[in-house]
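Next comes structure-v1.cif, with mmCIF, C-alpha atoms.
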data_work
#
loop_
_atom_site.label_atom_id
_atom_site.label_comp_id
_atom_site.auth_asym_id
_atom_site.auth_seq_id
_atom_site.Cartn_x
_atom_site.Cartn_y
_atom_site.Cartn_z
CA MET T 1 90.27 68.27 79.02
CA ALA T 2 93.60 69.38 77.62
CA VAL T 3 95.62 71.55 79.97
CA SER T 4 96.22 74.05 77.17
CA LYS T 5 92.47 74.58 76.66
CA TYR T 6 91.81 74.97 80.38
CA LYS T 7 94.67 77.48 80.67
CA SER T 8 93.47 79.36 77.60
CA ILE T 9 90.10 80.01 79.31
CA VAL T 10 91.88 81.37 82.40
CA ASP T 11 94.12 83.53 80.23
CA ALA T 12 91.22 84.83 78.14
CA LEU T 13 89.18 85.82 81.18
CA ALA T 14 92.23 87.38 82.85
CA SER T 15 92.96 89.38 79.69
CA ASP T 16 89.36 90.64 79.48
CA ILE T 17 89.41 91.72 83.11
CA ARG T 18 92.77 93.50 82.88
CA ALA T 19 91.76 95.26 79.66
CA GLY T 20 88.50 96.45 81.18
CA ARG T 21 86.33 94.46 78.80
CA LEU T 22 84.87 92.87 81.94
CA PRO T 23 84.46 95.88 84.27
CA SER T 24 84.85 95.63 88.02
CA GLY T 25 81.71 94.41 89.72
CA THR T 26 80.62 92.28 86.75
CA ARG T 27 78.91 89.10 87.92
CA LEU T 28 80.47 86.17 86.05
CA PRO T 29 78.52 83.07 84.97
CA THR T 30 77.94 80.44 87.63
CA HIS T 31 80.31 77.50 87.72
CA ARG T 32 77.66 75.34 86.02
CA GLN T 33 77.00 77.96 83.35
CA LEU T 34 80.74 78.29 82.61
CA ALA T 35 81.07 74.53 82.42
CA ALA T 36 78.16 74.26 79.99
CA THR T 37 79.29 77.17 77.81
CA GLU T 38 82.93 76.07 77.55
CA GLY T 39 82.35 72.32 77.54
CA LEU T 40 84.16 71.80 80.84
CA ALA T 41 83.68 69.43 83.71
CA LEU T 42 82.18 71.24 86.71
CA VAL T 43 85.32 70.68 88.77
CA THR T 44 87.41 72.23 85.99
CA ALA T 45 85.13 75.29 85.79
CA SER T 46 85.57 75.72 89.54
CA ARG T 47 89.31 75.48 89.05
CA VAL T 48 89.19 78.29 86.45
CA TYR T 49 87.57 80.63 88.97
CA ALA T 50 89.91 79.49 91.73
CA GLU T 51 92.92 80.46 89.62
CA LEU T 52 91.42 83.86 88.77
CA GLU T 53 90.72 84.44 92.46
CA ALA T 54 94.30 83.50 93.36
CA MET T 55 95.46 86.08 90.80
CA GLY T 56 93.38 88.72 92.57
CA LEU T 57 91.10 89.27 89.57
CA VAL T 58 87.80 87.95 90.92
CA SER T 59 86.18 87.34 94.28
CA GLY T 60 83.69 84.64 95.13
CA GLU T 61 80.92 85.58 97.57
CA PRO T 62 78.82 82.76 99.05
CA GLY T 63 75.21 83.06 97.99
CA ARG T 64 75.91 85.89 95.56
CA GLY T 65 78.29 84.59 92.91
CA THR T 66 81.69 85.40 91.44
CA PHE T 67 82.50 89.05 90.69
CA VAL T 68 85.26 90.90 88.85
CA ARG T 69 87.40 92.89 91.28
CA ALA T 70 88.48 96.48 90.77
CA LEU T 71 92.09 96.77 89.64
CA ALA T 72 92.53 100.37 90.77
CA PRO T 73 95.31 101.46 93.16
CA THR T 74 92.62 101.66 95.83
CA HIS T 75 92.92 97.90 96.28
CA ASP T 76 96.66 97.85 96.75
CA ILE T 77 98.04 97.36 100.24
CA ASP T 78 101.00 99.56 99.27
CA GLN T 79 100.82 103.31 98.76
CA GLN T 80 100.67 104.26 95.10
CA ALA T 81 101.39 107.60 93.52
CA VAL T 82 98.23 109.30 92.30
CA ALA T 83 97.98 111.61 89.33
CA ALA T 84 98.18 115.33 89.96
CA ASP T 85 94.50 115.76 89.11
CA VAL T 86 93.32 113.03 91.51
CA VAL T 87 92.05 113.93 95.00
CA ASP T 88 93.70 111.51 97.42
CA LEU T 89 91.23 110.20 100.01
CA ASN T 90 93.27 107.02 100.28
CA PHE T 91 96.30 108.02 102.38
CA ASN T 92 96.64 110.58 105.17
CA TYR T 93 99.47 113.10 105.20
CA PRO T 94 97.91 115.96 107.18
CA ALA T 95 99.70 119.31 107.12
CA LEU T 96 98.85 122.78 108.40
CA PRO T 97 99.61 126.19 106.88
CA GLY T 98 102.97 127.56 107.95
CA GLN T 99 104.72 124.25 108.58
CA ALA T 100 107.19 124.83 105.73
CA ASP T 101 108.19 128.19 107.22
CA MET T 102 108.60 126.52 110.60
CA LEU T 103 111.01 124.03 109.03
CA ARG T 104 112.99 126.82 107.34
CA ARG T 105 113.47 128.58 110.68
CA THR T 106 114.54 125.39 112.40
CA LEU T 107 117.01 124.52 109.66
CA ARG T 108 118.59 127.96 109.99
CA GLN T 109 118.88 127.48 113.75
CA LEU T 110 120.37 124.04 113.24
CA ALA T 111 122.90 125.37 110.70
CA SER T 112 124.26 127.82 113.25
CA SER T 113 124.41 125.34 116.14
CA GLY T 114 127.69 124.08 117.52
CA ASP T 115 126.68 120.43 117.20
CA LEU T 116 126.33 120.36 113.42
CA GLU T 117 129.49 118.35 112.73
CA ALA T 118 128.31 115.58 115.06
CA LEU T 119 125.26 115.11 112.88
CA LEU T 120 127.49 113.96 110.00
CA ARG T 121 128.68 110.90 111.91
CA TYR T 122 127.09 107.56 112.69
CA GLN T 123 124.81 107.78 115.69
CA PRO T 124 124.06 105.19 118.40
CA HIS T 125 121.57 102.69 116.95
CA GLY T 126 118.71 103.74 119.21
CA GLY T 127 119.60 107.44 119.37
CA ARG T 128 121.85 109.57 121.55
CA PRO T 129 121.00 109.80 125.27
CA ASP T 130 119.80 113.42 125.05
CA GLU T 131 117.52 112.53 122.11
CA ARG T 132 116.05 109.53 123.89
CA ALA T 133 115.53 111.74 126.93
CA ALA T 134 113.53 114.22 124.79
CA VAL T 135 111.26 111.38 123.65
CA ALA T 136 110.89 110.10 127.22
CA ARG T 137 109.84 113.56 128.40
CA HIS T 138 107.28 113.77 125.59
CA LEU T 139 105.84 110.37 126.51
CA ARG T 140 105.67 111.18 130.21
CA ARG T 141 103.70 114.33 129.39
CA ASN T 142 101.26 112.06 127.55
CA GLY T 143 100.72 109.51 130.30
CA LEU T 144 103.46 106.99 129.62
CA PRO T 145 106.16 107.04 132.33
CA VAL T 146 109.35 105.64 130.78
CA GLY T 147 113.07 106.04 131.31
CA ILE T 148 115.56 106.73 128.54
CA ASP T 149 116.83 103.14 128.80
CA GLN T 150 113.42 102.00 127.51
CA VAL T 151 113.36 104.37 124.50
CA LEU T 152 114.73 103.68 121.04
CA ILE T 153 114.58 106.15 118.14
CA VAL T 154 113.63 104.72 114.75
CA ASN T 155 113.06 105.89 111.19
CA GLY T 156 109.28 106.34 111.53
CA ALA T 157 106.58 104.26 113.21
CA GLN T 158 106.56 101.64 110.43
CA HIS T 159 110.26 101.07 111.03
CA GLY T 160 109.47 100.82 114.74
CA LEU T 161 106.94 98.07 114.07
CA ALA T 162 109.38 96.26 111.79
CA THR T 163 112.29 96.29 114.23
CA THR T 164 110.05 95.26 117.12
CA VAL T 165 108.72 92.28 115.19
CA MET T 166 112.17 91.32 113.90
CA ALA T 167 113.55 91.38 117.43
CA THR T 168 110.77 89.49 119.18
CA LEU T 169 109.07 87.10 116.75
CA GLN T 170 110.04 84.26 114.42
CA PRO T 171 108.64 83.13 111.04
CA GLY T 172 105.50 81.09 111.62
CA ASP T 173 104.61 82.78 114.91
CA VAL T 174 100.91 83.48 115.42
CA VAL T 175 99.95 87.10 116.06
CA ALA T 176 96.41 88.07 117.05
CA VAL T 177 95.17 91.13 115.14
CA ASP T 178 91.86 92.84 114.52
CA ALA T 179 89.81 91.56 111.60
CA LEU T 180 90.25 95.08 110.20
CA THR T 181 93.70 96.47 110.93
CA TYR T 182 96.48 98.77 109.72
CA PRO T 183 97.64 97.59 106.25
CA GLY T 184 101.30 98.33 107.05
CA PHE T 185 101.27 95.59 109.67
CA LYS T 186 99.86 93.15 107.10
CA VAL T 187 102.75 93.98 104.77
CA LEU T 188 105.21 93.45 107.60
CA ALA T 189 103.66 90.13 108.63
CA SER T 190 103.77 88.88 105.06
CA ALA T 191 107.43 89.85 104.63
CA LEU T 192 108.44 88.17 107.91
CA ARG T 193 106.13 85.17 107.39
CA LEU T 194 104.01 85.67 110.49
CA GLU T 195 100.56 84.11 110.75
CA LEU T 196 97.87 86.69 111.47
CA ALA T 197 94.88 85.40 113.45
CA PRO T 198 91.94 87.81 113.06
CA LEU T 199 89.79 88.89 116.01
CA PRO T 200 86.24 90.10 115.33
CA ALA T 201 85.05 93.37 116.75
CA ALA T 202 82.73 93.41 119.75
CA GLY T 203 81.18 96.85 119.66
CA HIS T 204 83.92 99.47 119.74
CA ALA T 205 86.76 97.13 120.65
CA PRO T 206 88.34 93.78 119.76
CA ASP T 207 86.44 90.72 121.02
CA LEU T 208 88.46 89.60 124.05
CA HIS T 209 86.45 86.39 124.41
CA ALA T 210 87.62 85.49 120.90
CA LEU T 211 91.20 86.37 121.90
CA GLN T 212 91.00 84.12 124.95
CA GLN T 213 89.60 81.24 122.91
CA LEU T 214 92.32 81.73 120.32
CA CYS T 215 95.05 81.66 122.97
CA ALA T 216 93.56 78.53 124.51
CA THR T 217 93.70 76.66 121.20
CA ARG T 218 96.65 78.15 119.30
CA PRO T 219 100.27 79.01 120.26
CA VAL T 220 99.73 82.79 120.03
CA ARG T 221 102.94 84.76 120.60
CA ALA T 222 101.74 88.36 120.41
CA VAL T 223 98.78 90.65 119.96
CA TYR T 224 98.99 93.72 117.72
CA THR T 225 96.51 96.38 118.75
CA MET T 226 95.56 100.05 118.41
CA PRO T 227 93.61 100.83 121.60
CA THR T 228 93.69 104.61 121.17
CA LEU T 229 92.17 105.68 117.87
CA HIS T 230 92.03 102.50 115.87
CA ASN T 231 92.79 102.62 112.15
CA PRO T 232 90.38 102.29 110.31
CA LEU T 233 87.46 102.14 112.80
CA GLY T 234 88.41 105.03 115.08
CA TRP T 235 87.59 103.39 118.40
CA VAL T 236 89.23 104.22 121.74
CA THR T 237 88.90 101.24 124.08
CA THR T 238 87.91 101.66 127.73
CA VAL T 239 90.16 101.25 130.77
CA ASN T 240 88.27 98.08 131.67
CA HIS T 241 88.84 96.60 128.21
CA ARG T 242 92.55 97.43 128.38
CA GLU T 243 92.91 95.82 131.78
CA GLN T 244 91.14 92.67 130.55
CA LEU T 245 93.42 92.50 127.50
CA VAL T 246 96.46 92.81 129.76
CA GLU T 247 95.14 90.05 132.00
CA ILE T 248 94.83 87.71 129.01
CA ALA T 249 98.29 88.68 127.78
CA ARG T 250 99.81 87.92 131.18
CA ARG T 251 97.96 84.61 131.48
CA TYR T 252 99.16 83.37 128.09
CA GLY T 253 102.55 85.10 127.96
CA LEU T 254 101.74 87.38 125.03
CA LEU T 255 103.83 90.27 123.82
CA ILE T 256 101.60 93.33 123.30
CA ILE T 257 102.53 95.50 120.31
CA GLU T 258 100.73 98.81 120.84
CA ASP T 259 100.48 101.04 117.77
CA ALA T 260 99.87 104.65 118.83
CA ALA T 261 100.41 106.42 115.51
CA TYR T 262 97.08 108.29 115.73
CA ALA T 263 96.76 108.35 119.54
CA PHE T 264 97.55 112.08 119.74
CA LEU T 265 94.17 112.84 118.13
CA ALA T 266 92.16 111.42 121.05
CA GLU T 267 92.17 113.72 124.06
CA GLN T 268 91.75 112.41 127.62
CA SER T 269 92.06 108.78 126.52
CA PRO T 270 92.74 105.98 129.03
CA PRO T 271 96.36 105.11 129.91
CA PRO T 272 98.33 103.32 127.18
CA LEU T 273 98.67 99.56 127.49
CA ALA T 274 102.39 100.20 127.95
CA ALA T 275 101.58 102.05 131.16
CA ILE T 276 99.36 99.21 132.42
CA ALA T 277 101.68 96.36 131.41
CA PRO T 278 105.17 97.83 130.88
CA GLU T 279 106.80 94.43 131.36
CA ARG T 280 105.31 93.03 128.12
CA THR T 281 104.35 95.94 125.89
CA ALA T 282 106.23 97.45 122.97
CA TYR T 283 104.77 100.91 122.31
CA VAL T 284 105.33 102.32 118.82
CA SER T 285 104.59 105.80 117.50
CA GLY T 286 106.12 108.70 115.58
CA LEU T 287 105.59 112.19 114.21
CA SER T 288 104.39 111.40 110.68
CA LYS T 289 100.76 112.26 111.45
CA SER T 290 101.21 114.81 114.25
CA VAL T 291 103.92 116.80 112.43
CA ALA T 292 104.70 115.73 108.85
CA ALA T 293 104.84 112.50 106.86
CA GLY T 294 108.27 113.41 105.46
CA LEU T 295 109.77 113.72 108.93
CA ARG T 296 110.76 110.09 109.28
CA PHE T 297 111.06 110.07 113.04
CA GLY T 298 109.56 107.46 115.31
CA PHE T 299 110.17 105.79 118.63
CA VAL T 300 109.71 102.48 120.39
CA THR T 301 109.47 101.94 124.11
CA ALA T 302 109.90 98.40 125.36
CA PRO T 303 110.83 96.41 128.45
CA LYS T 304 114.54 96.73 129.21
CA SER T 305 114.99 93.04 128.41
CA LEU T 306 113.94 93.69 124.78
CA THR T 307 115.73 96.96 123.98
CA PRO T 308 119.12 95.35 123.14
CA SER T 309 117.53 93.05 120.52
CA ILE T 310 115.45 95.88 119.06
CA GLY T 311 118.63 97.96 118.90
CA ARG T 312 120.31 95.21 116.89
CA ALA T 313 117.34 95.15 114.52
CA ILE T 314 117.75 98.92 114.04
CA ARG T 315 121.41 98.38 113.22
CA ALA T 316 120.53 95.61 110.75
CA THR T 317 117.95 97.69 108.91
CA THR T 318 119.12 101.31 108.95
CA MET T 319 122.14 101.58 111.31
CA ASN T 320 120.54 104.62 112.98
CA ALA T 321 117.76 107.12 112.37
CA PRO T 322 118.83 110.14 110.26
CA ALA T 323 120.69 112.50 112.59
CA VAL T 324 119.43 115.75 111.06
CA MET T 325 115.79 114.63 111.19
CA THR T 326 116.28 113.44 114.74
CA ALA T 327 117.76 116.78 115.81
CA ILE T 328 114.83 118.67 114.32
CA ALA T 329 112.26 116.34 115.87
CA CYS T 330 113.80 116.46 119.33
CA GLN T 331 113.99 120.27 119.25
CA TRP T 332 110.29 120.39 118.36
CA LEU T 333 109.42 117.88 121.09
CA ASP T 334 111.17 120.02 123.71
CA ASP T 335 110.17 123.53 122.59
CA GLY T 336 106.44 122.77 122.44
CA THR T 337 106.11 122.72 118.65
CA VAL T 338 104.83 119.13 118.58
CA ALA T 339 102.29 119.82 121.32
CA ARG T 340 101.01 122.90 119.47
CA LEU T 341 100.71 121.01 116.18
CA GLU T 342 98.87 118.16 117.90
CA THR T 343 96.33 120.62 119.32
CA GLN T 344 95.87 122.30 115.94
CA LYS T 345 95.51 118.99 114.11
CA ARG T 346 92.89 117.73 116.53
CA GLU T 347 90.85 120.83 115.72
CA ASP T 348 91.54 120.42 112.00
CA ALA T 349 90.39 116.79 112.14
CA ARG T 350 87.20 117.79 113.98
CA ILE T 351 86.41 120.29 111.23
CA ARG T 352 86.96 117.64 108.55
CA GLN T 353 84.75 115.14 110.39
CA SER T 354 82.04 117.80 110.61
CA ILE T 355 82.24 118.36 106.85
CA ALA T 356 81.98 114.62 106.27
CA ARG T 357 78.94 114.30 108.54
CA ASP T 358 77.28 117.16 106.67
CA VAL T 359 78.02 115.98 103.13
CA LEU T 360 77.40 112.28 103.85
CA ALA T 361 74.31 112.79 106.03
CA GLY T 362 72.12 109.69 105.95
CA GLN T 363 75.03 107.39 105.09
CA PRO T 364 76.14 105.11 107.97
CA GLN T 365 79.53 106.33 109.24
CA VAL T 366 82.02 104.84 111.70
CA SER T 367 84.60 107.28 113.01
CA HIS T 368 86.07 109.19 115.93
CA PRO T 369 85.08 112.88 116.11
CA SER T 370 88.71 114.04 115.89
CA SER T 371 90.21 111.44 113.57
CA TYR T 372 91.54 111.89 110.06
CA PHE T 373 89.66 108.93 108.59
CA LEU T 374 86.14 107.66 108.14
CA TRP T 375 84.70 104.17 107.59
CA LEU T 376 81.63 103.92 105.35
CA PRO T 377 79.80 100.57 105.39
CA MET T 378 78.00 100.06 102.09
CA PRO T 379 74.35 99.05 101.68
CA GLU T 380 73.89 95.31 101.22
CA GLU T 381 73.31 95.54 97.48
CA VAL T 382 76.31 97.80 96.82
CA ARG T 383 79.81 96.64 95.91
CA ALA T 384 82.57 98.86 97.29
CA ASP T 385 85.05 97.95 94.55
CA GLN T 386 82.65 99.21 91.89
CA ILE T 387 82.28 102.53 93.67
CA ALA T 388 86.05 102.85 94.19
CA ALA T 389 86.70 102.24 90.50
CA ALA T 390 83.96 104.67 89.47
CA LEU T 391 85.33 107.35 91.80
CA LEU T 392 88.81 106.94 90.36
CA ARG T 393 87.34 107.70 86.95
CA GLU T 394 85.99 110.87 88.59
CA HIS T 395 89.53 111.67 89.84
CA VAL T 396 88.93 110.69 93.48
CA SER T 397 91.03 107.93 95.04
CA VAL T 398 89.54 106.01 97.99
CA SER T 399 90.27 102.70 99.68
CA THR T 400 88.01 99.69 100.00
CA ALA T 401 88.10 97.38 103.03
CA GLU T 402 90.40 94.90 101.34
CA PRO T 403 93.78 96.37 102.39
CA PHE T 404 92.59 96.41 106.01
CA ALA T 405 90.99 92.95 106.15
CA THR T 406 92.81 90.04 107.81
CA SER T 407 89.97 87.52 107.61
CA ALA T 408 88.45 85.71 104.64
CA HIS T 409 85.37 87.91 104.88
CA VAL T 410 86.00 91.34 103.39
CA PRO T 411 83.13 93.73 104.12
CA HIS T 412 81.88 96.08 101.44
CA ALA T 413 82.98 99.42 102.84
CA LEU T 414 85.02 102.48 101.94
CA ARG T 415 87.74 103.98 104.11
CA LEU T 416 88.19 107.68 103.47
CA ALA T 417 91.33 109.60 104.50
CA LEU T 418 90.25 113.15 105.26
CA GLY T 419 93.57 114.83 105.98
CA SER T 420 95.37 115.16 102.66
CA THR T 421 93.59 117.97 100.85
CA ASN T 422 92.20 121.44 101.53
CA LEU T 423 88.70 121.82 102.96
CA ASP T 424 86.98 123.02 99.78
CA THR T 425 88.44 120.16 97.73
CA LEU T 426 87.55 117.72 100.49
CA ARG T 427 83.91 118.83 100.43
CA GLU T 428 83.76 118.46 96.63
CA ALA T 429 85.35 115.00 96.75
CA LEU T 430 83.01 113.82 99.50
CA ASP T 431 80.07 115.04 97.44
CA LYS T 432 81.28 112.82 94.60
CA VAL T 433 81.49 109.90 97.04
CA ARG T 434 77.91 110.52 98.19
CA ARG T 435 76.58 110.81 94.66
CA MET T 436 78.39 107.66 93.53
CA ILE T 437 77.00 105.66 96.45
CA ASP T 438 73.52 106.87 95.48
CA VAL T 439 74.05 105.88 91.86
CA TYR T 440 75.09 102.33 92.71
CA THR T 441 72.48 101.94 95.45
CA TYR T 442 69.44 102.76 93.37
CA ARG T 443 70.40 101.25 90.01
#
In structure tokens, what does this structure look like?
Amino acid sequence: MAVSKYKSIVDALASDIRAGRLPSGTRLPTHRQLAATEGLALVTASRVYAELEAMGLVSGEPGRGTFVRALAPTHDIDQQAVAADVVDLNFNYPALPGQADMLRRTLRQLASSGDLEALLRYQPHGGRPDERAAVARHLRRNGLPVGIDQVLIVNGAQHGLATTVMATLQPGDVVAVDALTYPGFKVLASALRLELAPLPAAGHAPDLHALQQLCATRPVRAVYTMPTLHNPLGWVTTVNHREQLVEIARRYGLLIIEDAAYAFLAEQSPPPLAAIAPERTAYVSGLSKSVAAGLRFGFVTAPKSLTPSIGRAIRATTMNAPAVMTAIACQWLDDGTVARLETQKREDARIRQSIARDVLAGQPQVSHPSSYFLWLPMPEEVRADQIAAALLREHVSVSTAEPFATSAHVPHALRLALGSTNLDTLREALDKVRRMIDVYTYR
């Protein structure tokens, strides 16, 4: 078999898929059928599909066959701009009426303050002492007792995750993560060449037996976890589960990276892992979801032994968080604005979940009652990528499970972000989701 002929088959199939001549969800011929049709050896036909799979154009499913994957932005791990006429149920950037006016008032106050000139200079890498103190007070009010020497201010929670990983882990290190996890951590792990070891779910929590077995057989360095309002599954783990996780971490010397970006949405949740195991937990959060996505303000708390190295990672990546944004955020932390917005957004999220339960009644749903996202497992015969592509043609952008999956098995499910559009538009978009699931279920 000449290499040029073998490559030409790969190129032809790739071209048909990219041009839409082979739509997403199309079942391709079996390996034997392709071999017979193209005059290939069976091993060469398998190699054709392997190359297409490596290119992200097809997916092989044991017992079902090889299928064309959707090439819509809904499959991308990175955030993509959507057209103005597309309803975005892919990414959450929740906002409430009046927030722009609130910012205008705060900017006017800031403009007349005596400290304005200081905001034009470089700042300490982890924030000024009074700013770190404002964050510490906020965290103490929310059940995490920390001192200002444990707090570092960063340019959003994603930056907090990045600087924590840069400061504490090395390329090749093994990090235990949920089999479905926050896509931003997958991006980070790929960039820093970390090995992600997926943990299956056991009910509404990670499987700690699987974590213990993993630690007993692999040199695991850290565990990345979202115990309070997991993204995308919405769980809040119990106190007992948290204590067991800490016990495993202490036994095997694991660093715990606790992502609390959505934790504000879950009222009366158990203590953070950072409160249970402060000696080995880096706690990362910010104000992107509780206040505004454009307010790039986040914070990391860590054991005192780690804060100098995280501070150096802040210097290496951004020198310091933007001083004007930090001043605004700290004022809002101290004057009660953040607390008020958190209360209002919890109620807003509950309303949106209620709408989703109503519109999608009868469809299995996995969520938290006050979260801004919803997980929809698909019926066995339904392919999520087909539905995502069809919805995009109907001007609704959703995510499949693929950006969240860390294991070889990618479930057929949709993840819907509920917080980025008004309530009427949300209801209309969810109705399109329901109707599209029905169409592809009963074909």
Segment 139-198 of chain T residues near segment 394-418 of chain T within 6 Å, closest pair each, using all atoms listed in the file, as a tab-separated table:
residue	atom	partner	partner_atom	distance
T:Ala179	CA	T:Thr406	CA	5.1
T:Leu180	CA	T:Ala405	CA	4.6
T:Thr181	CA	T:Phe404	CA	5.0
T:Tyr182	CA	T:Phe404	CA	5.9
T:Pro183	CA	T:Phe404	CA	5.2
T:Pro198	CA	T:Thr406	CA	5.8
Using all atoms listed in the file, what residues lie at most 6 Å away from (90.8, 118.3, 106.8) (file coordinates), given as a PDB file with C-alpha atoms, in the coordinates of the input?
ATOM      1  CA  ASP T 348      91.540 120.420 112.000  1.00  0.00           C
ATOM      2  CA  ALA T 349      90.390 116.790 112.140  1.00  0.00           C
ATOM      3  CA  ARG T 352      86.960 117.640 108.550  1.00  0.00           C
ATOM      4  CA  LEU T 418      90.250 113.150 105.260  1.00  0.00           C
ATOM      5  CA  GLY T 419      93.570 114.830 105.980  1.00  0.00           C
ATOM      6  CA  LEU T 423      88.700 121.820 102.960  1.00  0.00           C
TER       7      LEU T 423
END
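With all atoms listed in the file as the atoms that count, the residue of T:Arg137, T:Asn240, T:Leu96, T:Leu199 with the shortest distance to Ser290 of chain T is T:Leu96.
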- Nearest candidate to Leu341 of chain T (options T:Tyr252, T:Glu195, T:Phe299, T:Leu287; using all atoms listed in the file): T:Leu287
- Query: Applied to the shown file, which residues does the PyMOL selection byres ((chain T and resi 361-374) around 9) return, written as a PyMOL selection string?
  - Reply: chain T and resi 89+92+94+229-236+262+265-267+345-354+356-360+375-379+414-420+434
- Tell me which protein, DNA and RNA residues are within 6 Å of Ala157 of chain T, counting all atoms listed in the file, leaving out same-chain ones fewer than 6 positions away, and put them as a list in words. Ser285, Gly286 and Gly298 of chain T
Just add N, CA and C atoms to segment 13-27 of chain T and send it as a PDB file, keeping the file's coordinate frame.
ATOM      1  N   LEU T  13      89.931  85.062  80.192  1.00  0.00           N
ATOM      2  CA  LEU T  13      89.180  85.820  81.180  1.00  0.00           C
ATOM      3  C   LEU T  13      90.065  86.855  81.872  1.00  0.00           C
ATOM      4  N   ALA T  14      91.293  86.447  82.202  1.00  0.00           N
ATOM      5  CA  ALA T  14      92.230  87.380  82.850  1.00  0.00           C
ATOM      6  C   ALA T  14      92.515  88.567  81.934  1.00  0.00           C
ATOM      7  N   SER T  15      92.685  88.304  80.644  1.00  0.00           N
ATOM      8  CA  SER T  15      92.960  89.380  79.690  1.00  0.00           C
ATOM      9  C   SER T  15      91.773  90.335  79.594  1.00  0.00           C
ATOM     10  N   ASP T  16      90.549  89.790  79.572  1.00  0.00           N
ATOM     11  CA  ASP T  16      89.360  90.640  79.480  1.00  0.00           C
ATOM     12  C   ASP T  16      89.208  91.510  80.729  1.00  0.00           C
ATOM     13  N   ILE T  17      89.529  90.949  81.872  1.00  0.00           N
ATOM     14  CA  ILE T  17      89.410  91.720  83.110  1.00  0.00           C
ATOM     15  C   ILE T  17      90.450  92.839  83.140  1.00  0.00           C
ATOM     16  N   ARG T  18      91.697  92.498  82.822  1.00  0.00           N
ATOM     17  CA  ARG T  18      92.770  93.500  82.880  1.00  0.00           C
ATOM     18  C   ARG T  18      92.583  94.600  81.850  1.00  0.00           C
ATOM     19  N   ALA T  19      91.969  94.262  80.707  1.00  0.00           N
ATOM     20  CA  ALA T  19      91.760  95.260  79.660  1.00  0.00           C
ATOM     21  C   ALA T  19      90.500  96.075  79.883  1.00  0.00           C
ATOM     22  N   GLY T  20      89.718  95.715  80.900  1.00  0.00           N
ATOM     23  CA  GLY T  20      88.500  96.450  81.180  1.00  0.00           C
ATOM     24  C   GLY T  20      87.307  96.006  80.371  1.00  0.00           C
ATOM     25  N   ARG T  21      87.474  94.952  79.566  1.00  0.00           N
ATOM     26  CA  ARG T  21      86.330  94.460  78.800  1.00  0.00           C
ATOM     27  C   ARG T  21      85.295  93.802  79.722  1.00  0.00           C
ATOM     28  N   LEU T  22      85.761  93.322  80.870  1.00  0.00           N
ATOM     29  CA  LEU T  22      84.870  92.870  81.940  1.00  0.00           C
ATOM     30  C   LEU T  22      85.070  93.839  83.099  1.00  0.00           C
ATOM     31  N   PRO T  23      84.233  94.841  83.249  1.00  0.00           N
ATOM     32  CA  PRO T  23      84.460  95.880  84.270  1.00  0.00           C
ATOM     33  C   PRO T  23      84.340  95.318  85.685  1.00  0.00           C
ATOM     34  N   SER T  24      84.945  96.038  86.628  1.00  0.00           N
ATOM     35  CA  SER T  24      84.850  95.630  88.020  1.00  0.00           C
ATOM     36  C   SER T  24      83.394  95.592  88.460  1.00  0.00           C
ATOM     37  N   GLY T  25      83.077  94.586  89.256  1.00  0.00           N
ATOM     38  CA  GLY T  25      81.710  94.410  89.720  1.00  0.00           C
ATOM     39  C   GLY T  25      80.868  93.526  88.837  1.00  0.00           C
ATOM     40  N   THR T  26      81.369  93.165  87.637  1.00  0.00           N
ATOM     41  CA  THR T  26      80.620  92.280  86.750  1.00  0.00           C
ATOM     42  C   THR T  26      80.416  90.925  87.409  1.00  0.00           C
ATOM     43  N   ARG T  27      79.175  90.442  87.415  1.00  0.00           N
ATOM     44  CA  ARG T  27      78.910  89.100  87.920  1.00  0.00           C
ATOM     45  C   ARG T  27      79.203  88.097  86.803  1.00  0.00           C
TER      46      ARG T  27
END
